[in-house]
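Below: one structure, written as structure tokens.
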Amino acid sequence: MPFELKNNKDNSILHSNGLTTRDFETGKFHNGSLDGHQTISFPTGEMQVSQWLFNGIRMAYTEYAFKDAAVLDWKGDFEMVTMFFNLKGKFSMTGNGMQSAVHLGSNQHNMFFGQRAEGQLKIEELRMKSFMIQLTKDSFLNIANEGNEAIKRFIDNMSAGKTITFSDTNLQMDLAIQNSINAVLNCQYADPVKKMFFYSKAIELLVLQAESYNKAMQPQAVYAKTDYDKERILFARDYLLGHMEAPPSLTELSRIAGINEFKLKRGFKEIFGQTVFAYLNDTRMELAKNDLLQKNKSITEIAFELGYSSVQHFSAAFRKKYGMPPSAVK
């Protein structure tokens with residue numbers, strides 16, 4: 001069995017993934033489809049999994065809801081590169097062959113190569129969301145051979161058969177990474193264009209991971225110094241996006257998030273690479289573009305749902321961002 005997840009308490013199998021290297025190569029699930037969706041229920045919670053298989057690559061988006069903190073046993077049976085983006089929640093993972101435990105918090109990402117192994121997964125928060133891209137060695141080499149020095153080192157270790165982590169410290173997800181993941185989750189294309197689109201996003205996310213590593217290696221002042229600071233800034237981001245129809249001022253947002261305004265301003269840019277309101281504007285524009293492409297809403301509806309005081313204000317912002325009016329997209 002290529003991948004198996006068990007409840008540590010009673011050894012019951014919670015999830016088993018029967019995909020083989022051959023399935024990755026053919027790019028189809030056992031039912032012949034590119035797409036796979038399932039709900040996995042177990043005594044301590046539930047998992048909602050959406051996954052896509054193509055060109056030696058598997059993408060998967062998972063939402064977890066646990067009743068209690070959990071320890072799960074995992075086992076994997078073949079070599080795989082995993083680009084992992086932890087959208088929400090916190091967990092740690094240990095395994096034979098791993099030099100140290102892997103810890104990932106909200107809004108963090110990293111990349112791993114592992115072989116046949118097993119270990120434990122400790123779930124530290126009750127609500128989690130994650131996105132991953134898994135590639136066979138050949139598929140990874142096809143898209144990564146011309147990468148930066150960090151990717152080349154990763155490839156050298158992988159080729160030597162070592163279990164390897166891309167970055168010694170986890171990397172922070174910026175808006176470009178989040179938008180790329182959202183584009184996958186909201187994709188409206190049909191096969192075979194859908195497969196081409198997903199393949200382009202796999203490459204894009206690898207490029208963004210490499211760039212994220214480069215930025216992390218540059219010396220810079222640290223403003224979000226503690227886990228509490230980072231949690232408050234993530235809370236501020238989520239609150240801002242949840243109230244984009246009437247966003248608070250920076251002063252109000254800092255009060256709501258429980259962090260001083262200076263630290264919010266500097267820490268937000270440190271984590272996301274943009275100021276608070278540049279991030280809000282770019283998120284609005286990305287959502288607007290997707291809504292326009294789907295043709296389910298009028299320009300007026302989109303403008304007011306995203307918090308613009310008038311259609312004219314929205315149209316001006318859209319033209320400034322994309323060089324065309326919303327009507328040209330619709």
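FYI, nothing fancy with the structure tokens labels: chains A, B, ... in order, residues from 1 per chain, ligands from 1 as they appear.
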
Compile the contact shell of range 145-158 of chain A as a PDB file with N, CA and C atoms, in the first residue's frame: residues with an atom at most 10 Å away, counting only C-alpha atoms, same-chain residues fewer than 3 positions apart removed.
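This went into out_30.pdb:
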ATOM      1  N   GLU A  79       9.159   6.316  -3.408  1.00  0.00           N
ATOM      2  CA  GLU A  79       9.895   7.577  -3.396  1.00  0.00           C
ATOM      3  C   GLU A  79       9.036   8.697  -3.972  1.00  0.00           C
ATOM      4  N   MET A  80       9.103   9.845  -3.307  1.00  0.00           N
ATOM      5  CA  MET A  80       8.224  10.933  -3.704  1.00  0.00           C
ATOM      6  C   MET A  80       8.771  12.275  -3.228  1.00  0.00           C
ATOM      7  N   VAL A  81       8.644  13.296  -4.072  1.00  0.00           N
ATOM      8  CA  VAL A  81       8.901  14.682  -3.662  1.00  0.00           C
ATOM      9  C   VAL A  81       7.555  15.290  -3.287  1.00  0.00           C
ATOM     10  N   MET A 111       9.422  21.787   1.276  1.00  0.00           N
ATOM     11  CA  MET A 111       9.444  20.692   0.306  1.00  0.00           C
ATOM     12  C   MET A 111      10.292  19.565   0.870  1.00  0.00           C
ATOM     13  N   PHE A 112       9.868  18.323   0.620  1.00  0.00           N
ATOM     14  CA  PHE A 112      10.517  17.156   1.198  1.00  0.00           C
ATOM     15  C   PHE A 112      10.704  16.075   0.145  1.00  0.00           C
ATOM     16  N   PHE A 113      11.753  15.278   0.336  1.00  0.00           N
ATOM     17  CA  PHE A 113      11.896  14.045  -0.437  1.00  0.00           C
ATOM     18  C   PHE A 113      12.032  12.897   0.538  1.00  0.00           C
ATOM     19  N   GLY A 114      11.240  11.865   0.334  1.00  0.00           N
ATOM     20  CA  GLY A 114      11.297  10.702   1.208  1.00  0.00           C
ATOM     21  C   GLY A 114      11.183   9.420   0.414  1.00  0.00           C
ATOM     22  N   GLN A 115      11.654   8.346   1.021  1.00  0.00           N
ATOM     23  CA  GLN A 115      11.568   7.035   0.404  1.00  0.00           C
ATOM     24  C   GLN A 115      10.610   6.176   1.230  1.00  0.00           C
ATOM     25  N   LYS A 137      10.116  11.038  -8.834  1.00  0.00           N
ATOM     26  CA  LYS A 137      11.458  11.589  -9.059  1.00  0.00           C
ATOM     27  C   LYS A 137      11.619  12.093 -10.488  1.00  0.00           C
ATOM     28  N   PHE A 140       9.678  15.313 -11.094  1.00  0.00           N
ATOM     29  CA  PHE A 140      10.332  16.448 -10.443  1.00  0.00           C
ATOM     30  C   PHE A 140      11.554  16.896 -11.237  1.00  0.00           C
ATOM     31  N   LEU A 141      12.367  15.946 -11.683  1.00  0.00           N
ATOM     32  CA  LEU A 141      13.556  16.300 -12.451  1.00  0.00           C
ATOM     33  C   LEU A 141      13.189  16.990 -13.758  1.00  0.00           C
ATOM     34  N   ASN A 142      12.064  16.618 -14.357  1.00  0.00           N
ATOM     35  CA  ASN A 142      11.637  17.231 -15.617  1.00  0.00           C
ATOM     36  C   ASN A 142      11.383  18.727 -15.471  1.00  0.00           C
ATOM     37  N   GLY A 161      19.820   9.426  -2.712  1.00  0.00           N
ATOM     38  CA  GLY A 161      18.935   8.580  -1.914  1.00  0.00           C
ATOM     39  C   GLY A 161      18.721   9.056  -0.498  1.00  0.00           C
ATOM     40  N   LYS A 162      19.027  10.337  -0.226  1.00  0.00           N
ATOM     41  CA  LYS A 162      18.874  10.856   1.133  1.00  0.00           C
ATOM     42  C   LYS A 162      17.465  11.411   1.352  1.00  0.00           C
ATOM     43  N   THR A 163      16.943  11.242   2.561  1.00  0.00           N
ATOM     44  CA  THR A 163      15.722  11.938   2.951  1.00  0.00           C
ATOM     45  C   THR A 163      16.109  13.387   3.209  1.00  0.00           C
ATOM     46  N   ILE A 164      15.427  14.328   2.545  1.00  0.00           N
ATOM     47  CA  ILE A 164      15.907  15.701   2.545  1.00  0.00           C
ATOM     48  C   ILE A 164      14.750  16.684   2.681  1.00  0.00           C
ATOM     49  N   THR A 165      15.007  17.795   3.389  1.00  0.00           N
ATOM     50  CA  THR A 165      14.081  18.922   3.500  1.00  0.00           C
ATOM     51  C   THR A 165      14.684  20.096   2.750  1.00  0.00           C
ATOM     52  N   PHE A 166      13.865  20.789   1.956  1.00  0.00           N
ATOM     53  CA  PHE A 166      14.342  21.872   1.106  1.00  0.00           C
ATOM     54  C   PHE A 166      14.963  22.998   1.925  1.00  0.00           C
ATOM     55  N   SER A 167      14.237  23.487   2.928  1.00  0.00           N
ATOM     56  CA  SER A 167      14.722  24.596   3.753  1.00  0.00           C
ATOM     57  C   SER A 167      14.792  24.152   5.205  1.00  0.00           C
ATOM     58  N   LEU A 206       6.576  25.685  -7.672  1.00  0.00           N
ATOM     59  CA  LEU A 206       7.978  25.344  -7.415  1.00  0.00           C
ATOM     60  C   LEU A 206       8.860  26.585  -7.559  1.00  0.00           C
ATOM     61  N   VAL A 207       8.604  27.394  -8.580  1.00  0.00           N
ATOM     62  CA  VAL A 207       9.351  28.646  -8.765  1.00  0.00           C
ATOM     63  C   VAL A 207       9.145  29.561  -7.550  1.00  0.00           C
ATOM     64  N   GLN A 209       8.344  28.663  -4.508  1.00  0.00           N
ATOM     65  CA  GLN A 209       9.060  28.105  -3.354  1.00  0.00           C
ATOM     66  C   GLN A 209      10.544  28.453  -3.425  1.00  0.00           C
ATOM     67  N   ALA A 210      11.120  28.335  -4.607  1.00  0.00           N
ATOM     68  CA  ALA A 210      12.539  28.665  -4.768  1.00  0.00           C
ATOM     69  C   ALA A 210      12.785  30.138  -4.468  1.00  0.00           C
ATOM     70  N   GLU A 211      11.898  31.009  -4.940  1.00  0.00           N
ATOM     71  CA  GLU A 211      12.045  32.444  -4.689  1.00  0.00           C
ATOM     72  C   GLU A 211      11.838  32.752  -3.214  1.00  0.00           C
ATOM     73  N   TYR A 213      12.603  30.816  -0.776  1.00  0.00           N
ATOM     74  CA  TYR A 213      13.853  30.418  -0.102  1.00  0.00           C
ATOM     75  C   TYR A 213      14.916  31.506  -0.272  1.00  0.00           C
ATOM     76  N   ASN A 214      15.036  32.028  -1.497  1.00  0.00           N
ATOM     77  CA  ASN A 214      16.022  33.089  -1.737  1.00  0.00           C
ATOM     78  C   ASN A 214      15.773  34.291  -0.839  1.00  0.00           C
TER      79      ASN A 214
END

Give one line per residue of range 150-194 of chain A that approaches range 248-272 of chain A to at most 8 Å, naming the two atoms of the closest pair and their distance in Å to one decimal, counting only C-alpha atoms; sort by chain then ascending residue number and deliver it as CSV.
residue,atom,partner,partner_atom,distance
A:Gln172,CA,A:Ile271,CA,6.0
A:Met173,CA,A:Phe272,CA,6.7
A:Asp174,CA,A:Phe272,CA,4.3
A:Leu175,CA,A:Phe272,CA,6.3

Atoms to include: C-alpha atoms. Write the selected residues as an mmCIF file, in the first residue's frame.
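See part-v7.cif below for the written result:
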data_model
loop_
_atom_site.group_PDB
_atom_site.id
_atom_site.type_symbol
_atom_site.label_atom_id
_atom_site.label_comp_id
_atom_site.auth_asym_id
_atom_site.auth_seq_id
_atom_site.Cartn_x
_atom_site.Cartn_y
_atom_site.Cartn_z
ATOM 1 C CA GLN A 172 6.172 31.851 4.796
ATOM 2 C CA MET A 173 3.406 31.826 2.187
ATOM 3 C CA ASP A 174 2.973 35.150 0.405
ATOM 4 C CA LEU A 175 0.029 36.318 -1.704
#

(request) Would you list, as a ChimeraX atom specification, the residues of range 76-323 of chain A that end up in alpha helix (DSSP H) under DSSP run on this structure's backbone? (result) /A:137-144,149-159,175-185,193-217,227-242,250-257,261-272,276-294,299-305,311-322

(request) Might you pull out every residue within 12 Å of Gln312 in chain A, with only C-alpha atoms counted and same-chain residues fewer than 6 positions away left off, and present them as number ranges by chain? (result) A: 299-300, 303-304, 318-319, 325-327

(request) Compare A:Tyr308, A:Phe131, A:Phe66, A:Tyr61 by their minimum atom-to-atom distance to Asn86 in chain A, counting only C-alpha atoms, and give me the closest one. (result) A:Phe131

(request) Grab the CA of Asp10 in chain A to CA of Thr44 in chain A distance for me, in Å with one decimal place. (result) 11.5 Å

Using only C-alpha atoms, find each residue of range 248-314 of chain A with at least one atom at most 12 Å away from an atom of range 176-193 of chain A; report its shortest atom-to-atom pair and that distance in Å (one decimal), sort the rows by chain and rising residue number, and return the result as CSV.
residue,atom,partner,partner_atom,distance
A:Phe272,CA,A:Ala176,CA,9.0
A:Gly273,CA,A:Ala176,CA,9.5
A:Gln274,CA,A:Ala176,CA,10.5
A:Tyr279,CA,A:Ala176,CA,10.0
A:Asp282,CA,A:Asn179,CA,9.4
A:Thr283,CA,A:Asn179,CA,7.9
A:Arg284,CA,A:Asn179,CA,10.9
A:Met285,CA,A:Asn179,CA,10.6
A:Glu286,CA,A:Asn179,CA,7.3
A:Leu287,CA,A:Asn179,CA,9.2
A:Lys289,CA,A:Ala183,CA,10.7
A:Asn290,CA,A:Asn186,CA,8.1
A:Asp291,CA,A:Asn186,CA,10.0
A:Leu293,CA,A:Gln188,CA,9.1
A:Gln294,CA,A:Gln188,CA,7.5
A:Lys295,CA,A:Gln188,CA,11.1

(message) I need the strand (DSSP E) residues of range 109-322 of chain A per DSSP on the backbone, written as JSON, numbers by chain.
(response) {"A": [109, 110, 111, 112, 113, 114, 117, 118, 119, 120, 121, 122, 123, 127, 128, 129, 130, 131, 132, 133, 134, 135, 164, 165, 171, 172]}

Give me a file of those residues, with N, CA and C atoms, as a CSV table (one decimal), in the first residue's frame.
chain,number,residue,atom,x,y,z
A,109,HIS,N,5.3,26.7,4.5
A,109,HIS,CA,5.5,25.7,3.4
A,109,HIS,C,6.9,25.3,3.4
A,110,ASN,N,7.1,24.1,2.8
A,110,ASN,CA,8.4,23.5,2.6
A,110,ASN,C,8.3,22.4,1.6
A,111,MET,N,9.4,21.8,1.3
A,111,MET,CA,9.4,20.7,0.3
A,111,MET,C,10.3,19.6,0.9
A,112,PHE,N,9.9,18.3,0.6
A,112,PHE,CA,10.5,17.2,1.2
A,112,PHE,C,10.7,16.1,0.1
A,113,PHE,N,11.8,15.3,0.3
A,113,PHE,CA,11.9,14.0,-0.4
A,113,PHE,C,12.0,12.9,0.5
A,114,GLY,N,11.2,11.9,0.3
A,114,GLY,CA,11.3,10.7,1.2
A,114,GLY,C,11.2,9.4,0.4
A,117,ALA,N,9.1,4.7,4.1
A,117,ALA,CA,9.3,5.1,5.5
A,117,ALA,C,8.0,5.0,6.3
A,118,GLU,N,8.1,5.2,7.6
A,118,GLU,CA,6.9,5.2,8.4
A,118,GLU,C,7.2,6.1,9.6
A,119,GLY,N,6.2,6.6,10.3
A,119,GLY,CA,6.4,7.4,11.5
A,119,GLY,C,5.1,7.9,12.1
A,120,GLN,N,5.1,9.0,12.8
A,120,GLN,CA,3.9,9.5,13.5
A,120,GLN,C,3.6,10.9,13.0
A,121,LEU,N,2.3,11.2,13.0
A,121,LEU,CA,1.8,12.6,12.7
A,121,LEU,C,1.0,13.1,13.9
A,122,LYS,N,1.5,14.2,14.5
A,122,LYS,CA,0.8,14.7,15.7
A,122,LYS,C,0.0,15.9,15.3
A,123,ILE,N,-1.3,15.8,15.5
A,123,ILE,CA,-2.2,16.9,15.1
A,123,ILE,C,-2.3,17.8,16.4
A,127,ARG,N,-8.6,22.3,13.7
A,127,ARG,CA,-9.0,22.6,12.3
A,127,ARG,C,-7.8,22.8,11.5
A,128,MET,N,-7.7,22.1,10.4
A,128,MET,CA,-6.5,22.3,9.6
A,128,MET,C,-6.9,22.3,8.1
A,129,LYS,N,-6.1,23.0,7.3
A,129,LYS,CA,-6.3,23.0,5.9
A,129,LYS,C,-4.9,22.9,5.2
A,130,SER,N,-4.7,22.1,4.2
A,130,SER,CA,-3.4,21.9,3.6
A,130,SER,C,-3.6,21.7,2.1
A,131,PHE,N,-2.5,22.1,1.4
A,131,PHE,CA,-2.4,21.8,-0.1
A,131,PHE,C,-1.1,21.2,-0.3
A,132,MET,N,-1.0,20.2,-1.1
A,132,MET,CA,0.3,19.6,-1.4
A,132,MET,C,0.4,19.2,-2.9
A,133,ILE,N,1.6,19.2,-3.4
A,133,ILE,CA,1.9,18.6,-4.7
A,133,ILE,C,3.0,17.6,-4.5
A,134,GLN,N,2.6,16.3,-5.0
A,134,GLN,CA,3.6,15.2,-4.9
A,134,GLN,C,4.0,14.8,-6.3
A,135,LEU,N,5.3,14.6,-6.5
A,135,LEU,CA,5.8,14.3,-7.8
A,135,LEU,C,6.7,13.0,-7.7
A,164,ILE,N,15.4,14.3,2.5
A,164,ILE,CA,15.9,15.7,2.5
A,164,ILE,C,14.8,16.7,2.7
A,165,THR,N,15.0,17.8,3.4
A,165,THR,CA,14.1,18.9,3.5
A,165,THR,C,14.7,20.1,2.8
A,171,LEU,N,9.2,28.1,5.4
A,171,LEU,CA,9.1,29.4,4.6
A,171,LEU,C,7.6,29.9,4.8
A,172,GLN,N,7.5,31.2,4.7
A,172,GLN,CA,6.2,31.9,4.8
A,172,GLN,C,5.5,32.0,3.4

(request) Name the closest residue to Met59 in chain A among the candidates A:Phe42, A:Phe85, A:Trp74, A:Phe3; distances are taken between atoms, counting only C-alpha atoms. (result) A:Phe85

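The spacing separating CA of Ala70 in chain A from CA of Asn7 in chain A amounts to 8.1 Å.
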
(request) Determine, counting only C-alpha atoms, which protein, DNA and RNA residues have an atom within 10 Å of an atom of His15 in chain A; residues of the same chain fewer than 2 positions away are not included. Present the result as a list in words. (result) Phe3, Glu4, Leu5, Lys6, Asn7, Ser12, Ile13, Asn17, Gly18, Ile40, Ser41, Phe42, Met47 and Trp74 of chain A

(request) Would you work out the distance separating CA of Gly89 in chain A from CA of Ser106 in chain A, expressed in Å to one decimal? (result) 5.1 Å

Report as a Markdown table: every residue of range 52-94 of chain A with an atom at most 10 Å from range 194-200 of chain A, its closest pair of atoms, and their distance in Å to one decimal, counting only C-alpha atoms, with rows sorted by chain and ascending residue number.
| residue | atom | partner | partner_atom | distance |
| --- | --- | --- | --- | --- |
| A:Trp52 | CA | A:Phe198 | CA | 8.6 |
| A:Leu53 | CA | A:Lys195 | CA | 8.6 |
| A:Phe54 | CA | A:Lys195 | CA | 6.5 |
| A:Asn55 | CA | A:Tyr199 | CA | 7.6 |
| A:Gly56 | CA | A:Tyr199 | CA | 9.9 |
| A:Ile57 | CA | A:Tyr199 | CA | 8.2 |
| A:Arg58 | CA | A:Phe198 | CA | 9.9 |
| A:Met59 | CA | A:Phe198 | CA | 8.5 |

For those residues, write N, CA and C atoms to a file as a PDB file, in the first residue's frame.
ATOM      1  N   TRP A  52      -6.060  15.655  -7.624  1.00  0.00           N
ATOM      2  CA  TRP A  52      -5.977  15.636  -9.077  1.00  0.00           C
ATOM      3  C   TRP A  52      -4.668  14.947  -9.473  1.00  0.00           C
ATOM      4  N   LEU A  53      -4.723  14.112 -10.488  1.00  0.00           N
ATOM      5  CA  LEU A  53      -3.575  13.294 -10.887  1.00  0.00           C
ATOM      6  C   LEU A  53      -3.282  13.516 -12.366  1.00  0.00           C
ATOM      7  N   PHE A  54      -2.021  13.837 -12.698  1.00  0.00           N
ATOM      8  CA  PHE A  54      -1.665  14.141 -14.080  1.00  0.00           C
ATOM      9  C   PHE A  54      -0.144  14.182 -14.226  1.00  0.00           C
ATOM     10  N   ASN A  55       0.374  13.771 -15.355  1.00  0.00           N
ATOM     11  CA  ASN A  55       1.783  13.951 -15.719  1.00  0.00           C
ATOM     12  C   ASN A  55       2.768  13.563 -14.618  1.00  0.00           C
ATOM     13  N   GLY A  56       2.505  12.478 -13.895  1.00  0.00           N
ATOM     14  CA  GLY A  56       3.399  12.066 -12.820  1.00  0.00           C
ATOM     15  C   GLY A  56       3.304  12.922 -11.579  1.00  0.00           C
ATOM     16  N   ILE A  57       2.201  13.673 -11.442  1.00  0.00           N
ATOM     17  CA  ILE A  57       2.014  14.629 -10.353  1.00  0.00           C
ATOM     18  C   ILE A  57       0.652  14.413  -9.706  1.00  0.00           C
ATOM     19  N   ARG A  58       0.614  14.515  -8.390  1.00  0.00           N
ATOM     20  CA  ARG A  58      -0.653  14.506  -7.646  1.00  0.00           C
ATOM     21  C   ARG A  58      -0.766  15.801  -6.861  1.00  0.00           C
ATOM     22  N   MET A  59      -1.869  16.513  -7.050  1.00  0.00           N
ATOM     23  CA  MET A  59      -2.198  17.669  -6.227  1.00  0.00           C
ATOM     24  C   MET A  59      -3.324  17.261  -5.290  1.00  0.00           C
TER      25      MET A  59
END
